[in-house]
Amino acid sequence: MSSKRNLNLIFLGPPGAGKGTQAKMIVDKYNIPQISTGDLMRAAVSSGSSIGDKVKSFMASGALVPDDLVIEILLDRLSSDDCRDGFILDGFPRTVGQAEALDQQLNKKQMPLSGVVAMMVPDGVLTDRLTARRICRQCSASYHLEYLKPKIEGVCDRCQGELYQRKDDSEEVILNRLKVYHDQTSPLIDFYQKRKKLYTVDGNKKIEMIFSEICDIIDKLNSP
Ligand code: AP5
Ligand code: MG
């Protein structure tokens with residue numbers, strides 16, 4: 001990376017589009033944190049906190065967690081020191097209300113949004129990806145039983161954590177998550193296009209090819 005410009009990024013896309021997979025690779029290359037509201041809330045559920053209790057049933061059914069709760073969690077995380085030089089928001093915003101709240105906060109903190117990378121993948125491909133996904137309990141890295149196998153079955157390549165299947169990766173819940181995405185989140189494509197912040201990538205390619213396209217976008221955003 002040649003310049004010091006902040007990289008304040010959003011990864012937008014349906015469930016299974018590859019937001020988490022690509023975000024982890026970007027973290028390694030550009031050294032900015034990945035903030036996944038899904039990961040933050042899964043951690044809250046596992047810890048048995050009062051926030052975890054509030055979000056649990058929404059997540060289990062594939063519905064969105066109410067805006068006020070998720071905005072509070074996100075803004076709290078965004079105020080951490082490690083976000084000062086940039087961040088990747090993975091899975092936030094997911095409604096126009098969340099996008100407006102984020103806009104307000106970024107304006108207030110004078111942290112302008114660099115760009116929104118939208119990953120486009122057909123629904124049929126997404127179901128196939130999600131039903132065979134496995135996740136690391138420790139670092140949340142995603143694997144796939146066919147397309148991205150761990151070196152040792154059931155063990156994370158990165159941190160040796162245990163791999164598990166997310167409860168919301170059942171076919172029935174996936175169908176609801178896709179519906180929720182089309183109804184409530186896809187309007188954000190238009191929202192960010194109108195603000196000239198949108199960069200679209202074809203997410204139905206090999207992981208490395210998509211990574212290379214995203215790096216090209218980031219390097220352009222990052223050039224003086
Ligand atoms: P969240 O955890 O954000 O889940 P999601 O958006 O449904 O997205 P996923 O994590 O399922 O997919 P991904 O795009 O990260 O794909 P991945 O890289 O793993 O949210 C979960 C729940 O939390 C929501 O349903 C909601 O209840 C709540 N929530 C979270 N944020 C919220 C918000 N802002 N507001 C309200 N509620 C919120 O890849 C998927 C699989 O495909 C993996 O197996 C991977 O190995 C494989 N793969 C990836 N790329 C490729 C490729 N190019 N080719 C082949 N396989 C690939
Ligand atoms: Mg994810």
# chains A, B, ... in the order shown; residues from 1 in each chain; ligands from 1
$ residues_near_ligand --ligand "ligand 1" --cutoff "7 Å" --atoms "only C-alpha atoms and all ligand atoms" --output "JSON, numbers by chain"
{"A": [13, 14, 15, 16, 17, 18, 19, 20, 21, 22, 36, 37, 38, 39, 41, 58, 59, 60, 62, 63, 64, 65, 66, 67, 70, 90, 91, 92, 93, 94, 129, 130, 132, 133, 134, 142, 143, 144, 147, 148, 177, 203, 204, 205, 206, 207, 210]}
$ select_by_dssp --residues "region 83-216 of chain A" --states "alpha helix (DSSP H)" --output "PyMOL selection string"
chain A and resi 96-108+123-131+171-180+187-194+207-216
$ residues_around --residues "Glu153 (chain A)" --least-positions-apart "6" --cutoff "12 Å" --atoms "only C-alpha atoms" --output "count of residues only"
12
$ select_by_dssp --residues "region 92-179 of chain A" --states "strand (DSSP E)" --output "ChimeraX atom specification"
/A:115-120,133-136,142-144,163-164
$ write_last_selection --atoms "N, CA, C and O atoms" --output "compact mmCIF listing (two decimals), in the first residue's frame"
# COMPACT_ATOMS: atom_id res chain seq x y z
N GLY A 115 -15.83 3.31 -0.06
CA GLY A 115 -16.61 2.65 -1.09
C GLY A 115 -17.36 1.46 -0.55
O GLY A 115 -17.09 0.97 0.54
N VAL A 116 -18.32 1.01 -1.36
CA VAL A 116 -19.14 -0.15 -1.01
C VAL A 116 -18.91 -1.20 -2.09
O VAL A 116 -19.14 -0.94 -3.27
N VAL A 117 -18.41 -2.36 -1.69
CA VAL A 117 -18.18 -3.45 -2.64
C VAL A 117 -19.38 -4.38 -2.56
O VAL A 117 -19.63 -5.00 -1.52
N ALA A 118 -20.16 -4.45 -3.66
CA ALA A 118 -21.34 -5.31 -3.68
C ALA A 118 -21.01 -6.58 -4.45
O ALA A 118 -20.58 -6.52 -5.60
N MET A 119 -21.20 -7.74 -3.79
CA MET A 119 -20.89 -9.03 -4.41
C MET A 119 -22.18 -9.66 -4.92
O MET A 119 -23.09 -9.91 -4.13
N MET A 120 -22.23 -9.91 -6.23
CA MET A 120 -23.45 -10.41 -6.84
C MET A 120 -23.32 -11.92 -7.13
O MET A 120 -22.39 -12.32 -7.82
N ARG A 133 -21.25 -25.08 4.17
CA ARG A 133 -20.27 -24.21 4.83
C ARG A 133 -19.92 -24.74 6.22
O ARG A 133 -20.76 -25.27 6.93
N ARG A 134 -18.70 -24.57 6.61
CA ARG A 134 -18.28 -24.82 7.99
C ARG A 134 -17.53 -23.59 8.46
O ARG A 134 -16.82 -22.95 7.69
N ILE A 135 -17.70 -23.28 9.77
CA ILE A 135 -17.14 -22.04 10.33
C ILE A 135 -16.23 -22.38 11.50
O ILE A 135 -16.53 -23.31 12.26
N CYS A 136 -15.19 -21.58 11.67
CA CYS A 136 -14.30 -21.78 12.82
C CYS A 136 -14.91 -21.14 14.08
O CYS A 136 -15.30 -19.97 14.05
N SER A 142 -14.47 -19.01 7.22
CA SER A 142 -15.45 -19.88 6.53
C SER A 142 -14.73 -20.91 5.67
O SER A 142 -13.78 -20.56 4.97
N TYR A 143 -15.24 -22.12 5.68
CA TYR A 143 -14.75 -23.16 4.77
C TYR A 143 -15.94 -23.73 4.01
O TYR A 143 -17.09 -23.44 4.35
N HIS A 144 -15.65 -24.52 2.98
CA HIS A 144 -16.72 -25.19 2.24
C HIS A 144 -16.28 -26.62 2.01
O HIS A 144 -15.11 -26.87 1.69
N LEU A 163 -14.21 -26.57 13.70
CA LEU A 163 -15.18 -26.11 12.70
C LEU A 163 -16.58 -26.63 13.04
O LEU A 163 -16.72 -27.75 13.50
N TYR A 164 -17.59 -25.79 12.80
CA TYR A 164 -18.97 -26.20 13.08
C TYR A 164 -19.89 -25.66 11.98
O TYR A 164 -19.48 -24.82 11.18
$ residues_around --residues "Asn31 (chain A)" --least-positions-apart "6" --cutoff "12 Å" --atoms "only C-alpha atoms" --output "count of residues only"
13
$ residues_around --residues "Gln104 (chain A)" --least-positions-apart "6" --cutoff "12 Å" --atoms "only C-alpha atoms" --output "list in words"
Ile71, Leu75, Gly97, Gln98, Gln110, Met111, Pro112 and Leu113 of chain A
$ closest_residue --among "A:Arg166, A:Arg5, A:Lys108, A:Lys151" --to "ligand 2" --atoms "only C-alpha atoms and all ligand atoms"
A:Arg166
$ atom_distance --atom1 "CA of Asn176 (chain A)" --atom2 "CA of Thr131 (chain A)"
13.7 Å
$ closest_residue --among "A:Thr127, A:Asn222, A:Ser140, A:Gln184" --to "ligand 2" --atoms "only C-alpha atoms and all ligand atoms"
A:Ser140
$ closest_residue --among "A:Ile174, A:Ala101, A:Ala141, A:Ile26" --to "ligand 2" --atoms "only C-alpha atoms and all ligand atoms"
A:Ala141
$ residues_around --residues "Ala43 (chain A)" --least-positions-apart "3" --cutoff "12 Å" --atoms "only C-alpha atoms" --output "mmCIF file with C-alpha atoms, in the first residue's frame"
data_model
loop_
_atom_site.group_PDB
_atom_site.id
_atom_site.type_symbol
_atom_site.label_atom_id
_atom_site.label_comp_id
_atom_site.auth_asym_id
_atom_site.auth_seq_id
_atom_site.Cartn_x
_atom_site.Cartn_y
_atom_site.Cartn_z
ATOM 1 C CA SER A 36 -19.088 -8.460 11.069
ATOM 2 C CA THR A 37 -22.333 -7.699 12.883
ATOM 3 C CA GLY A 38 -23.255 -11.378 12.465
ATOM 4 C CA ASP A 39 -20.037 -12.463 14.244
ATOM 5 C CA LEU A 40 -20.509 -9.848 16.984
ATOM 6 C CA SER A 46 -22.690 -17.699 22.929
ATOM 7 C CA SER A 47 -21.713 -15.605 25.941
ATOM 8 C CA GLY A 48 -25.308 -15.577 27.193
ATOM 9 C CA SER A 49 -25.304 -11.764 27.559
ATOM 10 C CA SER A 50 -28.557 -9.797 27.719
ATOM 11 C CA ILE A 51 -27.951 -8.504 24.158
ATOM 12 C CA GLY A 52 -27.421 -12.130 23.095
ATOM 13 C CA ASP A 53 -30.805 -13.061 24.563
ATOM 14 C CA VAL A 55 -31.020 -11.106 19.244
ATOM 15 C CA LYS A 56 -31.103 -14.904 19.439
ATOM 16 C CA ILE A 73 -23.707 -2.746 18.679
ATOM 17 C CA ARG A 137 -15.520 -21.378 16.405
ATOM 18 C CA GLN A 138 -12.478 -19.293 17.290
ATOM 19 C CA CYS A 139 -11.760 -16.947 14.356
ATOM 20 C CA SER A 140 -14.990 -17.267 12.272
#
$ closest_residue --among "A:Val173, A:Pro122, A:Ala44, A:Val180" --to "Asp202 (chain A)" --atoms "only C-alpha atoms"
A:Pro122
$ closest_residue --among "A:Glu213, A:Asp81, A:Asp123, A:Asp68" --to "Lys179 (chain A)" --atoms "only C-alpha atoms"
A:Asp123
$ decode --residues "region 89-122 of chain A" --atoms "N, CA and C atoms" --output "compact mmCIF listing (two decimals), in the first residue's frame"
# COMPACT_ATOMS: atom_id res chain seq x y z
N LEU A 89 -16.82 -3.13 6.96
CA LEU A 89 -18.10 -3.53 7.55
C LEU A 89 -18.63 -4.71 6.73
N ASP A 90 -18.80 -5.84 7.39
CA ASP A 90 -19.24 -7.07 6.72
C ASP A 90 -20.64 -7.40 7.25
N GLY A 91 -21.64 -7.13 6.41
CA GLY A 91 -23.02 -7.44 6.84
C GLY A 91 -23.71 -6.29 7.53
N PHE A 92 -23.17 -5.11 7.45
CA PHE A 92 -23.80 -3.89 7.96
C PHE A 92 -23.42 -2.77 6.99
N PRO A 93 -24.35 -1.90 6.59
CA PRO A 93 -25.77 -1.88 6.91
C PRO A 93 -26.56 -2.91 6.10
N ARG A 94 -27.76 -3.20 6.59
CA ARG A 94 -28.65 -4.14 5.92
C ARG A 94 -30.04 -3.56 5.69
N THR A 95 -30.25 -2.34 6.13
CA THR A 95 -31.52 -1.64 5.85
C THR A 95 -31.16 -0.19 5.56
N VAL A 96 -32.10 0.53 4.94
CA VAL A 96 -31.85 1.94 4.67
C VAL A 96 -31.68 2.71 5.99
N GLY A 97 -32.44 2.32 7.00
CA GLY A 97 -32.32 2.96 8.33
C GLY A 97 -30.91 2.81 8.88
N GLN A 98 -30.33 1.62 8.75
CA GLN A 98 -28.95 1.39 9.23
C GLN A 98 -27.96 2.22 8.41
N ALA A 99 -28.20 2.30 7.10
CA ALA A 99 -27.28 3.06 6.24
C ALA A 99 -27.30 4.54 6.61
N GLU A 100 -28.50 5.05 6.92
CA GLU A 100 -28.60 6.47 7.29
C GLU A 100 -27.92 6.74 8.64
N ALA A 101 -28.11 5.80 9.58
CA ALA A 101 -27.46 5.96 10.90
C ALA A 101 -25.94 5.93 10.73
N LEU A 102 -25.46 5.07 9.85
CA LEU A 102 -24.01 4.98 9.63
C LEU A 102 -23.49 6.27 8.99
N ASP A 103 -24.21 6.76 8.00
CA ASP A 103 -23.84 8.03 7.34
C ASP A 103 -23.64 9.14 8.36
N GLN A 104 -24.64 9.25 9.25
CA GLN A 104 -24.61 10.31 10.28
C GLN A 104 -23.37 10.18 11.15
N GLN A 105 -23.10 8.94 11.57
CA GLN A 105 -21.97 8.72 12.47
C GLN A 105 -20.64 9.01 11.77
N LEU A 106 -20.52 8.57 10.51
CA LEU A 106 -19.26 8.77 9.78
C LEU A 106 -19.05 10.27 9.52
N ASN A 107 -20.13 10.98 9.24
CA ASN A 107 -20.02 12.44 9.06
C ASN A 107 -19.56 13.11 10.34
N LYS A 108 -20.18 12.69 11.45
CA LYS A 108 -19.85 13.27 12.75
C LYS A 108 -18.38 13.05 13.08
N LYS A 109 -17.88 11.86 12.77
CA LYS A 109 -16.50 11.52 13.13
C LYS A 109 -15.51 11.90 12.03
N GLN A 110 -16.02 12.51 10.95
CA GLN A 110 -15.19 12.87 9.79
C GLN A 110 -14.40 11.66 9.29
N MET A 111 -15.12 10.57 9.12
CA MET A 111 -14.54 9.34 8.58
C MET A 111 -15.29 9.02 7.29
N PRO A 112 -14.94 9.66 6.16
CA PRO A 112 -15.75 9.45 4.96
C PRO A 112 -15.69 8.01 4.45
N LEU A 113 -16.82 7.55 3.94
CA LEU A 113 -16.90 6.20 3.38
C LEU A 113 -16.06 6.15 2.10
N SER A 114 -15.16 5.16 1.99
CA SER A 114 -14.34 5.06 0.78
C SER A 114 -15.17 4.42 -0.34
N GLY A 115 -15.83 3.31 -0.06
CA GLY A 115 -16.61 2.65 -1.09
C GLY A 115 -17.36 1.46 -0.55
N VAL A 116 -18.32 1.01 -1.36
CA VAL A 116 -19.14 -0.15 -1.01
C VAL A 116 -18.91 -1.20 -2.09
N VAL A 117 -18.41 -2.36 -1.69
CA VAL A 117 -18.18 -3.45 -2.64
C VAL A 117 -19.38 -4.38 -2.56
N ALA A 118 -20.16 -4.45 -3.66
CA ALA A 118 -21.34 -5.31 -3.68
C ALA A 118 -21.01 -6.58 -4.45
N MET A 119 -21.20 -7.74 -3.79
CA MET A 119 -20.89 -9.03 -4.41
C MET A 119 -22.18 -9.66 -4.92
N MET A 120 -22.23 -9.91 -6.23
CA MET A 120 -23.45 -10.41 -6.84
C MET A 120 -23.32 -11.92 -7.13
N VAL A 121 -24.26 -12.70 -6.59
CA VAL A 121 -24.25 -14.16 -6.79
C VAL A 121 -25.70 -14.63 -6.90
N PRO A 122 -26.01 -15.51 -7.89
CA PRO A 122 -27.39 -15.99 -8.01
C PRO A 122 -27.82 -16.82 -6.79
